[in-house]
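work-v6.pdb follows; it contains PDB, C-alpha atoms and all ligand atoms.
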```
ATOM      1  CA  LYS M 118       0.000   0.000   0.000
ATOM      2  CA  ILE M 119       1.096   3.572  -0.644
ATOM      3  CA  PRO M 120       1.756   5.422   2.635
ATOM      4  CA  LEU M 121      -0.212   8.655   2.882
ATOM      5  CA  LEU M 122       0.394  11.466   5.360
ATOM      6  CA  ILE M 123      -2.213  14.222   5.510
ATOM      7  CA  ASP M 124      -1.581  17.700   6.897
ATOM      8  CA  THR M 125      -4.985  19.222   7.536
ATOM      9  CA  ASP M 126      -7.133  21.779   9.417
ATOM     10  CA  PRO M 127     -10.548  20.062   9.584
ATOM     11  CA  GLY M 128     -12.795  21.737   8.314
ATOM     12  CA  VAL M 129     -15.770  20.374   6.402
ATOM     13  CA  ASP M 130     -14.024  19.791   3.059
ATOM     14  CA  ASP M 131     -10.967  18.391   4.871
ATOM     15  CA  ALA M 132     -13.294  15.853   6.497
ATOM     16  CA  LEU M 133     -14.553  14.655   3.124
ATOM     17  CA  ALA M 134     -10.980  14.333   1.863
ATOM     18  CA  LEU M 135     -10.084  12.260   4.940
ATOM     19  CA  LEU M 136     -13.033   9.921   4.355
ATOM     20  CA  MET M 137     -11.860   9.471   0.764
ATOM     21  CA  ALA M 138      -8.347   8.630   1.955
ATOM     22  CA  PHE M 139      -9.600   6.110   4.513
ATOM     23  CA  ASN M 140     -11.701   4.478   1.835
ATOM     24  CA  SER M 141      -8.862   3.920  -0.635
ATOM     25  CA  PRO M 142      -7.788   0.251  -0.671
ATOM     26  CA  ALA M 143      -4.476   1.187  -2.322
ATOM     27  CA  HIS M 144      -3.399   3.601   0.450
ATOM     28  CA  GLU M 145      -2.452   3.410   4.094
ATOM     29  CA  VAL M 146      -2.998   6.627   6.084
ATOM     30  CA  VAL M 147       0.055   6.715   8.375
ATOM     31  CA  GLY M 148      -0.896   9.858  10.267
ATOM     32  CA  LEU M 149      -2.708  13.178  10.339
ATOM     33  CA  THR M 150      -0.703  16.290  11.144
ATOM     34  CA  ILE M 151      -2.876  19.154  12.231
ATOM     35  CA  ALA M 152      -2.662  22.881  11.609
ATOM     36  CA  ALA M 153      -4.722  25.840  12.734
ATOM     37  CA  GLY M 154      -6.627  27.385   9.843
ATOM     38  CA  ASN M 155     -10.326  27.024   9.292
ATOM     39  CA  VAL M 156     -10.641  27.301  13.082
ATOM     40  CA  GLY M 157      -8.205  27.187  16.010
ATOM     41  CA  LEU M 158      -5.922  24.242  16.740
ATOM     42  CA  ALA M 159      -7.936  22.874  19.691
ATOM     43  CA  HIS M 160     -10.903  22.462  17.353
ATOM     44  CA  THR M 161      -8.995  21.135  14.344
ATOM     45  CA  VAL M 162      -7.277  18.481  16.508
ATOM     46  CA  ARG M 163     -10.579  17.498  18.099
ATOM     47  CA  ASN M 164     -12.252  17.321  14.683
ATOM     48  CA  ALA M 165      -9.503  15.110  13.268
ATOM     49  CA  LEU M 166      -9.867  12.701  16.208
ATOM     50  CA  LYS M 167     -13.645  12.742  15.847
ATOM     51  CA  LEU M 168     -13.468  12.006  12.136
ATOM     52  CA  CYS M 169     -11.093   9.068  12.722
ATOM     53  CA  GLU M 170     -13.515   7.722  15.313
ATOM     54  CA  VAL M 171     -16.528   7.979  12.996
ATOM     55  CA  ALA M 172     -14.553   6.256  10.225
ATOM     56  CA  GLY M 173     -13.537   3.453  12.596
ATOM     57  CA  ARG M 174      -9.894   4.538  12.281
ATOM     58  CA  ALA M 175      -9.098   5.662  15.816
ATOM     59  CA  ASP M 176      -5.791   3.800  15.342
ATOM     60  CA  VAL M 177      -4.475   6.549  13.027
ATOM     61  CA  PRO M 178      -2.221   8.898  15.033
ATOM     62  CA  VAL M 179      -3.175  12.579  15.123
ATOM     63  CA  PHE M 180      -0.229  14.961  15.634
ATOM     64  CA  PRO M 181      -1.045  18.519  16.766
ATOM     65  CA  GLY M 182       1.048  21.152  15.035
ATOM     66  CA  CYS M 183       1.331  24.914  14.923
ATOM     67  CA  GLY M 184      -1.392  26.990  16.558
ATOM     68  CA  GLY M 185      -1.065  29.863  14.094
ATOM     69  CA  PRO M 186       0.974  31.278  11.215
ATOM     70  CA  LEU M 187       4.779  31.481  11.315
ATOM     71  CA  VAL M 188       5.016  35.267  11.414
ATOM     72  CA  HIS M 189       1.863  37.396  11.282
ATOM     73  CA  ALA M 190      -1.476  36.905  12.977
ATOM     74  CA  PRO M 191      -4.032  35.710  10.410
ATOM     75  CA  ARG M 192      -6.520  38.168   8.939
ATOM     76  CA  GLU M 193      -9.398  35.854   9.756
ATOM     77  CA  ASP M 194     -10.315  32.205  10.134
ATOM     78  CA  ALA M 195     -13.079  30.450   8.199
ATOM     79  CA  ALA M 196     -15.553  29.874  11.040
ATOM     80  CA  HIS M 197     -18.219  31.704   9.026
ATOM     81  CA  VAL M 198     -18.013  28.870   6.458
ATOM     82  CA  HIS M 199     -17.233  25.793   8.594
ATOM     83  CA  GLY M 200     -18.924  26.772  11.880
ATOM     84  CA  ARG M 201     -17.324  28.027  15.104
ATOM     85  CA  ASP M 202     -16.128  24.504  15.903
ATOM     86  CA  GLY M 203     -15.102  23.839  12.275
ATOM     87  CA  PHE M 204     -17.609  20.987  11.983
ATOM     88  CA  GLY M 205     -20.877  22.857  11.517
ATOM     89  CA  ASP M 206     -21.676  23.457  15.212
ATOM     90  CA  VAL M 207     -23.850  20.365  15.511
ATOM     91  CA  GLY M 208     -22.662  19.431  18.994
ATOM     92  CA  TYR M 209     -21.114  16.003  18.487
ATOM     93  CA  PRO M 210     -19.620  14.633  21.727
ATOM     94  CA  ASP M 211     -15.864  14.779  22.217
ATOM     95  CA  PRO M 212     -13.832  11.917  20.743
ATOM     96  CA  ALA M 213     -12.518   9.295  23.147
ATOM     97  CA  ALA M 214      -8.994   9.139  21.664
ATOM     98  CA  ARG M 215      -6.206  11.563  22.589
ATOM     99  CA  PRO M 216      -3.765  13.225  20.197
ATOM    100  CA  ALA M 217      -0.163  12.014  19.950
ATOM    101  CA  ALA M 218       2.512  13.846  21.945
ATOM    102  CA  GLU M 219       4.892  14.395  19.006
ATOM    103  CA  HIS M 220       4.707  17.751  17.199
ATOM    104  CA  ALA M 221       3.327  17.641  13.654
ATOM    105  CA  ALA M 222       6.538  19.018  12.100
ATOM    106  CA  LEU M 223       8.633  16.334  13.805
ATOM    107  CA  ALA M 224       6.143  13.630  12.849
ATOM    108  CA  ILE M 225       6.377  14.712   9.190
ATOM    109  CA  LEU M 226      10.162  14.336   9.310
ATOM    110  CA  ARG M 227      10.113  11.003  11.167
ATOM    111  CA  LEU M 228       7.505   9.478   8.845
ATOM    112  CA  SER M 229       9.433  10.745   5.815
ATOM    113  CA  HIS M 230      12.361   8.623   7.036
ATOM    114  CA  GLU M 231      10.246   5.587   7.878
ATOM    115  CA  HIS M 232       8.623   5.637   4.426
ATOM    116  CA  ALA M 233      11.488   7.200   2.485
ATOM    117  CA  GLY M 234      10.898   7.369  -1.264
ATOM    118  CA  ARG M 235       7.297   6.158  -0.977
ATOM    119  CA  LEU M 236       5.467   8.683   1.193
ATOM    120  CA  VAL M 237       2.765  10.822  -0.423
ATOM    121  CA  LEU M 238       2.123  13.988   1.579
ATOM    122  CA  VAL M 239      -1.161  15.798   1.036
ATOM    123  CA  ALA M 240      -1.435  19.315   2.458
ATOM    124  CA  LEU M 241      -5.019  20.513   2.904
ATOM    125  CA  GLY M 242      -4.549  23.494   5.206
ATOM    126  CA  PRO M 243      -2.189  26.428   5.790
ATOM    127  CA  LEU M 244       1.365  25.246   5.166
ATOM    128  CA  THR M 245       2.734  26.148   8.613
ATOM    129  CA  ASN M 246       3.678  22.642   9.796
ATOM    130  CA  LEU M 247       5.257  21.730   6.509
ATOM    131  CA  ALA M 248       7.278  24.958   6.372
ATOM    132  CA  LEU M 249       8.574  24.306   9.861
ATOM    133  CA  ALA M 250       9.524  20.736   8.948
ATOM    134  CA  LEU M 251      11.327  21.997   5.864
ATOM    135  CA  ARG M 252      13.276  24.585   7.866
ATOM    136  CA  LEU M 253      14.293  21.869  10.328
ATOM    137  CA  ASP M 254      15.380  19.582   7.507
ATOM    138  CA  PRO M 255      15.668  20.982   3.961
ATOM    139  CA  THR M 256      16.324  17.470   2.599
ATOM    140  CA  LEU M 257      12.690  16.483   3.291
ATOM    141  CA  PRO M 258      11.580  16.806  -0.385
ATOM    142  CA  GLN M 259      14.122  14.143  -1.422
ATOM    143  CA  ARG M 260      12.340  11.539   0.701
ATOM    144  CA  LEU M 261       8.800  12.219  -0.544
ATOM    145  CA  ALA M 262       7.335  10.404  -3.515
ATOM    146  CA  ARG M 263       4.961  13.298  -4.011
ATOM    147  CA  LEU M 264       3.619  16.454  -2.362
ATOM    148  CA  VAL M 265       0.060  17.495  -3.236
ATOM    149  CA  VAL M 266      -1.011  20.928  -2.018
ATOM    150  CA  MET M 267      -4.509  22.374  -1.947
ATOM    151  CA  GLY M 268      -3.875  26.091  -2.095
ATOM    152  CA  GLY M 269      -3.523  29.247  -4.114
ATOM    153  CA  ALA M 270      -5.435  30.814  -6.950
ATOM    154  CA  VAL M 271      -3.486  30.451 -10.170
ATOM    155  CA  SER M 272      -5.178  33.295 -12.043
ATOM    156  CA  ALA M 273      -5.399  35.436  -8.910
ATOM    157  CA  HIS M 274      -9.128  34.873  -8.376
ATOM    158  CA  GLY M 275      -8.867  34.642  -4.601
ATOM    159  CA  ASN M 276     -11.417  33.560  -2.028
ATOM    160  CA  ILE M 277     -10.290  35.576   1.007
ATOM    161  CA  THR M 278      -8.880  38.655  -0.704
ATOM    162  CA  PRO M 279      -9.317  39.576  -4.366
ATOM    163  CA  VAL M 280      -6.109  37.658  -5.124
ATOM    164  CA  ALA M 281      -5.418  35.265  -2.205
ATOM    165  CA  GLU M 282      -6.820  31.825  -1.490
ATOM    166  CA  PHE M 283      -7.416  30.847   2.146
ATOM    167  CA  ASN M 284      -4.627  28.297   2.817
ATOM    168  CA  VAL M 285      -1.914  30.460   1.260
ATOM    169  CA  GLY M 286      -3.422  33.744   2.510
ATOM    170  CA  PHE M 287      -3.637  32.471   6.102
ATOM    171  CA  ASP M 288       0.127  31.927   6.288
ATOM    172  CA  PRO M 289       1.905  33.389   3.232
ATOM    173  CA  GLU M 290       5.358  33.091   4.829
ATOM    174  CA  ALA M 291       4.871  29.361   5.316
ATOM    175  CA  ALA M 292       3.606  28.997   1.757
ATOM    176  CA  HIS M 293       6.672  30.885   0.534
ATOM    177  CA  VAL M 294       8.970  28.507   2.430
ATOM    178  CA  VAL M 295       7.247  25.487   0.902
ATOM    179  CA  PHE M 296       6.960  26.792  -2.681
ATOM    180  CA  SER M 297      10.583  27.920  -2.686
ATOM    181  CA  GLY M 298      11.884  24.840  -0.865
ATOM    182  CA  PHE M 299      10.224  22.071  -2.844
ATOM    183  CA  PRO M 300      11.689  21.556  -6.320
ATOM    184  CA  ARG M 301       8.360  20.151  -7.411
ATOM    185  CA  LEU M 302       4.856  20.019  -5.974
ATOM    186  CA  ASP M 303       1.396  19.209  -7.267
ATOM    187  CA  LEU M 304      -0.980  22.134  -6.901
ATOM    188  CA  ALA M 305      -4.769  21.845  -6.769
ATOM    189  CA  ASP M 306      -5.845  25.476  -6.441
ATOM    190  CA  TRP M 307      -9.092  27.281  -5.704
ATOM    191  CA  GLU M 308      -9.831  27.879  -9.384
ATOM    192  CA  ALA M 309      -9.596  24.148 -10.128
ATOM    193  CA  THR M 310     -12.031  23.690  -7.252
ATOM    194  CA  LEU M 311     -14.494  26.077  -8.891
ATOM    195  CA  ALA M 312     -14.162  24.220 -12.199
ATOM    196  CA  HIS M 313     -15.164  20.930 -10.513
ATOM    197  CA  GLY M 314     -18.450  21.810  -8.846
ATOM    198  CA  LEU M 315     -20.673  19.100  -7.413
ATOM    199  CA  HIS M 316     -24.352  19.394  -8.145
ATOM    200  CA  MET M 317     -26.230  19.916  -4.903
ATOM    201  CA  ARG M 318     -28.939  17.377  -5.783
ATOM    202  CA  ARG M 319     -26.319  14.681  -6.340
ATOM    203  CA  VAL M 320     -24.523  15.582  -3.134
ATOM    204  CA  GLU M 321     -27.800  15.235  -1.247
ATOM    205  CA  GLN M 322     -28.328  11.789  -2.756
ATOM    206  CA  TRP M 323     -24.862  10.673  -1.638
ATOM    207  CA  LEU M 324     -25.502  12.067   1.829
ATOM    208  CA  ALA M 325     -28.710  10.050   2.098
ATOM    209  CA  ALA M 326     -26.718   6.769   2.034
ATOM    210  CA  ASP M 327     -27.481   4.463   4.947
ATOM    211  CA  SER M 328     -24.056   4.619   6.605
ATOM    212  CA  PRO M 329     -22.658   6.268   9.755
ATOM    213  CA  ARG M 330     -20.150   8.191   7.629
ATOM    214  CA  ALA M 331     -22.878   9.695   5.421
ATOM    215  CA  ARG M 332     -25.038  10.556   8.441
ATOM    216  CA  PHE M 333     -22.113  12.241  10.165
ATOM    217  CA  TYR M 334     -21.079  14.112   7.056
ATOM    218  CA  GLU M 335     -24.635  15.201   6.277
ATOM    219  CA  ALA M 336     -24.809  16.792   9.736
ATOM    220  CA  ILE M 337     -21.434  18.543   9.803
ATOM    221  CA  SER M 338     -21.728  19.848   6.229
ATOM    222  CA  ARG M 339     -25.303  21.149   6.491
ATOM    223  CA  ARG M 340     -24.338  24.653   7.482
ATOM    224  CA  THR M 341     -21.641  25.100   4.832
ATOM    225  CA  ARG M 342     -23.875  23.629   2.116
ATOM    226  CA  HIS M 343     -26.527  26.223   2.901
ATOM    227  CA  TRP M 344     -23.930  28.978   3.054
ATOM    228  CA  SER M 345     -22.616  27.902  -0.336
ATOM    229  CA  GLU M 346     -26.060  27.549  -1.906
ATOM    230  CA  ASP M 347     -26.868  31.134  -0.937
ATOM    231  CA  ARG M 348     -23.707  32.436  -2.576
ATOM    232  CA  ARG M 349     -22.768  30.102  -5.385
ATOM    233  CA  GLY M 350     -26.034  28.506  -6.405
ATOM    234  CA  GLU M 351     -26.649  24.882  -7.214
ATOM    235  CA  HIS M 352     -23.046  23.662  -7.243
ATOM    236  CA  TRP M 353     -21.087  22.839  -4.125
ATOM    237  CA  HIS M 354     -17.295  23.086  -4.130
ATOM    238  CA  SER M 355     -14.993  20.872  -2.110
ATOM    239  CA  ALA M 356     -11.411  22.048  -2.490
ATOM    240  CA  ASP M 357      -9.742  19.464  -0.279
ATOM    241  CA  ALA M 358     -11.756  16.599  -1.781
ATOM    242  CA  LEU M 359     -10.512  17.470  -5.271
ATOM    243  CA  ALA M 360      -6.890  17.620  -4.098
ATOM    244  CA  MET M 361      -7.371  14.257  -2.400
ATOM    245  CA  ALA M 362      -8.897  12.680  -5.511
ATOM    246  CA  TRP M 363      -5.799  13.713  -7.468
ATOM    247  CA  ALA M 364      -3.497  12.487  -4.682
ATOM    248  CA  LEU M 365      -5.183   9.078  -4.598
ATOM    249  CA  GLU M 366      -5.676   8.666  -8.326
ATOM    250  CA  PRO M 367      -3.153  10.671 -10.388
ATOM    251  CA  GLU M 368      -4.440   9.010 -13.591
ATOM    252  CA  GLY M 369      -7.647  11.055 -13.217
ATOM    253  CA  ALA M 370      -5.815  14.271 -14.133
ATOM    254  CA  LEU M 371      -6.831  15.223 -17.682
ATOM    255  CA  GLU M 372      -4.987  18.520 -18.026
ATOM    256  CA  LEU M 373      -1.952  19.830 -16.177
ATOM    257  CA  ALA M 374       0.376  22.811 -16.608
ATOM    258  CA  GLU M 375       3.928  23.005 -15.281
ATOM    259  CA  ARG M 376       5.085  26.474 -14.330
ATOM    260  CA  PRO M 377       7.162  28.402 -11.808
ATOM    261  CA  VAL M 378       4.966  29.513  -8.906
ATOM    262  CA  ALA M 379       6.061  31.943  -6.168
ATOM    263  CA  VAL M 380       4.178  33.336  -3.188
ATOM    264  CA  GLU M 381       3.900  37.069  -2.509
ATOM    265  CA  THR M 382       4.396  37.820   1.195
ATOM    266  CA  GLU M 383       4.193  41.619   1.031
ATOM    267  CA  GLY M 384       2.157  44.260  -0.668
ATOM    268  CA  ARG M 385      -0.898  46.370   0.062
ATOM    269  CA  LEU M 386      -3.155  44.269  -2.151
ATOM    270  CA  ALA M 387      -1.232  41.182  -3.136
ATOM    271  CA  ARG M 388      -0.108  39.480   0.099
ATOM    272  CA  GLY M 389      -0.860  35.771  -0.254
ATOM    273  CA  LEU M 390      -0.955  35.838  -4.055
ATOM    274  CA  THR M 391       0.360  32.716  -5.814
ATOM    275  CA  ALA M 392       2.183  34.313  -8.732
ATOM    276  CA  VAL M 393       2.271  31.856 -11.626
ATOM    277  CA  ASP M 394       4.811  32.644 -14.313
ATOM    278  CA  TRP M 395       2.436  31.650 -17.110
ATOM    279  CA  ASN M 396       4.545  33.313 -19.826
ATOM    280  CA  ARG M 397       7.866  32.108 -18.407
ATOM    281  CA  GLN M 398       9.235  35.623 -17.873
ATOM    282  CA  THR M 399      11.484  34.808 -14.941
ATOM    283  CA  GLY M 400      13.531  31.903 -16.201
ATOM    284  CA  ALA M 401      12.833  30.220 -12.852
ATOM    285  CA  PRO M 402      12.473  26.444 -13.004
ATOM    286  CA  ASP M 403       9.002  24.920 -13.074
ATOM    287  CA  ASN M 404       8.284  23.996  -9.478
ATOM    288  CA  ALA M 405       4.554  23.287  -9.691
ATOM    289  CA  ARG M 406       2.331  20.984 -11.658
ATOM    290  CA  ILE M 407      -0.994  22.783 -11.702
ATOM    291  CA  LEU M 408      -4.205  20.795 -11.959
ATOM    292  CA  LEU M 409      -6.435  22.284 -14.649
ATOM    293  CA  ARG M 410      -8.903  19.489 -15.300
ATOM    294  CA  TYR M 411      -9.683  16.283 -13.452
ATOM    295  CA  ASP M 412     -11.996  13.464 -14.503
ATOM    296  CA  GLN M 413     -15.277  14.583 -12.917
ATOM    297  CA  ALA M 414     -16.753  11.073 -12.970
ATOM    298  CA  ARG M 415     -13.802   9.604 -11.050
ATOM    299  CA  PHE M 416     -13.888  12.505  -8.608
ATOM    300  CA  GLU M 417     -17.574  12.022  -7.874
ATOM    301  CA  ALA M 418     -17.306   8.226  -7.704
ATOM    302  CA  ARG M 419     -14.653   8.525  -4.970
ATOM    303  CA  ILE M 420     -16.816  10.881  -2.931
ATOM    304  CA  GLN M 421     -19.883   8.715  -3.280
ATOM    305  CA  ALA M 422     -17.990   5.560  -2.306
ATOM    306  CA  ALA M 423     -16.341   7.273   0.673
ATOM    307  CA  LEU M 424     -19.717   8.358   2.052
ATOM    308  CA  ALA M 425     -21.437   5.031   1.425
ATOM    309  CA  ALA M 426     -18.662   2.958   3.070
ATOM    310  CA  ALA M 427     -19.776   1.095   6.183
TER     311      ALA M 427
HETATM  312  C1  LIG M 501      -9.267  25.885   1.491
HETATM  313  O1  LIG M 501      -9.535  26.744   2.588
HETATM  314  C2  LIG M 501     -10.217  26.050   3.599
HETATM  315  O2  LIG M 501     -11.285  26.805   4.104
HETATM  316  C3  LIG M 501     -10.657  24.745   3.016
HETATM  317  O3  LIG M 501     -10.648  23.722   4.008
HETATM  318  C4  LIG M 501      -9.674  24.486   1.915
HETATM  319  O4  LIG M 501      -8.548  23.780   2.381
HETATM  320  C5  LIG M 501      -9.979  26.409   0.273
HETATM  321  O5  LIG M 501      -9.537  27.686  -0.056
HETATM  322 CA    CA M 502      -8.534  22.658   4.545
END
```

Encoded form (structure tokens):
Amino acid sequence: KIPLLIDTDPGVDDALALLMAFNSPAHEVVGLTIAAGNVGLAHTVRNALKLCEVAGRADVPVFPGCGGPLVHAPREDAAHVHGRDGFGDVGYPDPAARPAAEHAALAILRLSHEHAGRLVLVALGPLTNLALALRLDPTLPQRLARLVVMGGAVSAHGNITPVAEFNVGFDPEAAHVVFSGFPRLDLADWEATLAHGLHMRRVEQWLAADSPRARFYEAISRRTRHWSEDRRGEHWHSADALAMAWALEPEGALELAERPVAVETEGRLARGLTAVDWNRQTGAPDNARILLRYDQARFEARIQAALAAA
């Protein structure tokens, strides 16, 4: 099985991505490293543990990481989308399991040694833990088979500022460390997310499946589905689920572009921008493979199967 390590800030779309990972027979989830992002770290850790419990995977270790960005306080969290507790404020009881004692950044490094050359790392939140790990050990990229990042907005159509996407905009310094420190990463950005909408009627059908996972996910996603319906109409968008689909099944990618991508950390308007050198002006090496189009049928089949799983 392919070892999979997921850095995440659950989060409603993170939760769907985690269910997809747990449901993949070809992959073994070796740990979850947790960042602050959508909501604070106490909530994201609790949510990760809760999700593992619901999926019957309380054996997967959950490593708490950084409680905020590397340098500057964040502009805002995403509680207005994901709920104050990050899981739709539906009042699920606390999970029974406890988080691991090891820090997320150290766990990333240790697991990269234990699974050297094979580990696939999927980053679904602000890149704080990963940046820290990379600063501790710049040779980390050499031991990963692949890094898949959900983040950025490759044509500068942001979702928290006019130009910045949430994960990069929450901690631009960390994103800069990762984008400049990894010779190559796979980028599933916010604009790819928008191009792979899920029809609300179909989502509701999947959520009606007779399984504990579907019931749980129906409850925690209710609030964000309504929020999204009010703003974006009949399609729902699940950024982290799309990144996970690509991580689990690379063959589903139908169109990719390789370009240099850098992160802007300053500026009055552009902090958190992922600047893609589309016209190759800089001469910088291509460091990102950008997902432009993914097989929608495969994407949806993975979501449906993950929710229906017993
Ligand atoms: C990203 O921001 C978060 O709110 C989501 O969980 C996703 O990772 C989308 O911009
Ligand atoms: Ca996320």

Exercise. With distances taken over all atoms listed in the file, which of M:Val147, M:Leu408, M:Leu373, M:Ala423 is nearest to Leu228 in chain M?
Worked result: M:Val147

Under the rule of at most 9 Å, produce a per-residue listing of range 211-296 of chain M near range 152-167 of chain M: chain, number, name, the closest pair of atoms, and the distance in Å, as a Markdown table, using only C-alpha atoms.
```
| residue | atom | partner | partner_atom | distance |
| --- | --- | --- | --- | --- |
| M:Asp211 | CA | M:Lys167 | CA | 7.0 |
| M:Pro212 | CA | M:Lys167 | CA | 5.0 |
| M:Ala213 | CA | M:Lys167 | CA | 8.2 |
| M:Ala214 | CA | M:Leu166 | CA | 6.6 |
| M:Arg215 | CA | M:Leu166 | CA | 7.4 |
| M:Pro216 | CA | M:Leu166 | CA | 7.3 |
| M:Ala221 | CA | M:Ala152 | CA | 8.2 |
| M:Gly242 | CA | M:Gly154 | CA | 6.4 |
| M:Pro243 | CA | M:Gly154 | CA | 6.1 |
| M:Leu244 | CA | M:Ala152 | CA | 8.0 |
| M:Thr245 | CA | M:Ala152 | CA | 7.0 |
| M:Asn246 | CA | M:Ala152 | CA | 6.6 |
| M:Phe283 | CA | M:Gly154 | CA | 8.5 |
| M:Asn284 | CA | M:Gly154 | CA | 7.4 |
| M:Phe287 | CA | M:Gly154 | CA | 7.0 |
| M:Asp288 | CA | M:Gly154 | CA | 8.9 |
```

For this session: Write out as a VMD selection string each polymer residue whose atoms come within 7 Å of Lys118 in chain M, counting all atoms listed in the file; drop sequence neighbours fewer than 5 positions from it.
Result: chain M and resid 143 to 145

For this session: Find the spatial neighbours of Ser355 in chain M, counting all atoms listed in the file, within a cut-off of 6 Å - ignore same-chain residues fewer than 2 positions away - and output them as a PyMOL selection string.
Result: chain M and resi 130+357-358

Which protein, DNA or RNA residues have an atom within 10 Å of ligand LIG 501 (chain M), counting all atoms listed in the file, as a PDB file with C-alpha atoms, keeping the file's coordinate frame?
```pdb
ATOM      1  CA  THR M 125      -4.985  19.222   7.536  1.00  0.00           C
ATOM      2  CA  ASP M 126      -7.133  21.779   9.417  1.00  0.00           C
ATOM      3  CA  PRO M 127     -10.548  20.062   9.584  1.00  0.00           C
ATOM      4  CA  GLY M 128     -12.795  21.737   8.314  1.00  0.00           C
ATOM      5  CA  VAL M 129     -15.770  20.374   6.402  1.00  0.00           C
ATOM      6  CA  ASP M 130     -14.024  19.791   3.059  1.00  0.00           C
ATOM      7  CA  ASP M 131     -10.967  18.391   4.871  1.00  0.00           C
ATOM      8  CA  ALA M 132     -13.294  15.853   6.497  1.00  0.00           C
ATOM      9  CA  LEU M 133     -14.553  14.655   3.124  1.00  0.00           C
ATOM     10  CA  ALA M 134     -10.980  14.333   1.863  1.00  0.00           C
ATOM     11  CA  GLY M 154      -6.627  27.385   9.843  1.00  0.00           C
ATOM     12  CA  ASN M 155     -10.326  27.024   9.292  1.00  0.00           C
ATOM     13  CA  VAL M 156     -10.641  27.301  13.082  1.00  0.00           C
ATOM     14  CA  ASP M 194     -10.315  32.205  10.134  1.00  0.00           C
ATOM     15  CA  ALA M 195     -13.079  30.450   8.199  1.00  0.00           C
ATOM     16  CA  ALA M 196     -15.553  29.874  11.040  1.00  0.00           C
ATOM     17  CA  HIS M 197     -18.219  31.704   9.026  1.00  0.00           C
ATOM     18  CA  VAL M 198     -18.013  28.870   6.458  1.00  0.00           C
ATOM     19  CA  HIS M 199     -17.233  25.793   8.594  1.00  0.00           C
ATOM     20  CA  GLY M 203     -15.102  23.839  12.275  1.00  0.00           C
ATOM     21  CA  ALA M 240      -1.435  19.315   2.458  1.00  0.00           C
ATOM     22  CA  LEU M 241      -5.019  20.513   2.904  1.00  0.00           C
ATOM     23  CA  GLY M 242      -4.549  23.494   5.206  1.00  0.00           C
ATOM     24  CA  PRO M 243      -2.189  26.428   5.790  1.00  0.00           C
ATOM     25  CA  VAL M 266      -1.011  20.928  -2.018  1.00  0.00           C
ATOM     26  CA  MET M 267      -4.509  22.374  -1.947  1.00  0.00           C
ATOM     27  CA  GLY M 268      -3.875  26.091  -2.095  1.00  0.00           C
ATOM     28  CA  GLY M 269      -3.523  29.247  -4.114  1.00  0.00           C
ATOM     29  CA  ALA M 270      -5.435  30.814  -6.950  1.00  0.00           C
ATOM     30  CA  GLY M 275      -8.867  34.642  -4.601  1.00  0.00           C
ATOM     31  CA  ASN M 276     -11.417  33.560  -2.028  1.00  0.00           C
ATOM     32  CA  ILE M 277     -10.290  35.576   1.007  1.00  0.00           C
ATOM     33  CA  ALA M 281      -5.418  35.265  -2.205  1.00  0.00           C
ATOM     34  CA  GLU M 282      -6.820  31.825  -1.490  1.00  0.00           C
ATOM     35  CA  PHE M 283      -7.416  30.847   2.146  1.00  0.00           C
ATOM     36  CA  ASN M 284      -4.627  28.297   2.817  1.00  0.00           C
ATOM     37  CA  VAL M 285      -1.914  30.460   1.260  1.00  0.00           C
ATOM     38  CA  GLY M 286      -3.422  33.744   2.510  1.00  0.00           C
ATOM     39  CA  PHE M 287      -3.637  32.471   6.102  1.00  0.00           C
ATOM     40  CA  ALA M 305      -4.769  21.845  -6.769  1.00  0.00           C
ATOM     41  CA  ASP M 306      -5.845  25.476  -6.441  1.00  0.00           C
ATOM     42  CA  TRP M 307      -9.092  27.281  -5.704  1.00  0.00           C
ATOM     43  CA  GLU M 308      -9.831  27.879  -9.384  1.00  0.00           C
ATOM     44  CA  THR M 310     -12.031  23.690  -7.252  1.00  0.00           C
ATOM     45  CA  HIS M 354     -17.295  23.086  -4.130  1.00  0.00           C
ATOM     46  CA  SER M 355     -14.993  20.872  -2.110  1.00  0.00           C
ATOM     47  CA  ALA M 356     -11.411  22.048  -2.490  1.00  0.00           C
ATOM     48  CA  ASP M 357      -9.742  19.464  -0.279  1.00  0.00           C
ATOM     49  CA  ALA M 358     -11.756  16.599  -1.781  1.00  0.00           C
ATOM     50  CA  ALA M 360      -6.890  17.620  -4.098  1.00  0.00           C
TER      51      ALA M 360
END
```

For this session: Within 9 Å of range 392-401 of chain M, counting all atoms listed in the file, which residues show up once you throw out same-chain ones fewer than 4 positions away? Write them as JSON, numbers by chain, please.
Result: {"M": [269, 270, 271, 272, 273, 375, 376, 377, 378, 379, 380, 381]}

Go ahead and dump the residues you just picked, C-alpha atoms, as a compact mmCIF listing (two decimals), keeping the file's coordinate frame.
```
# COMPACT_ATOMS: atom_id res chain seq x y z
CA GLY M 269 -3.52 29.25 -4.11
CA ALA M 270 -5.44 30.81 -6.95
CA VAL M 271 -3.49 30.45 -10.17
CA SER M 272 -5.18 33.30 -12.04
CA ALA M 273 -5.40 35.44 -8.91
CA GLU M 375 3.93 23.00 -15.28
CA ARG M 376 5.08 26.47 -14.33
CA PRO M 377 7.16 28.40 -11.81
CA VAL M 378 4.97 29.51 -8.91
CA ALA M 379 6.06 31.94 -6.17
CA VAL M 380 4.18 33.34 -3.19
CA GLU M 381 3.90 37.07 -2.51
```

Problem set entry | Using all atoms listed in the file: which of M:Leu371, M:Ala362, M:Ala250, M:Val239 has the shortest distance to ligand CA 502 (chain M) | M:Val239

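The coordinates place CA of Arg410 in chain M at 22.0 Å from CA of Ser345 in chain M.
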
Exercise. Evaluating the PyMOL selection byres (((chain M and resi 237) around 7) and not hetatm) on the displayed file yields which residues, as a VMD selection string?
Worked result: chain M and resid 120 to 122 235 to 236 238 to 239 261 to 264
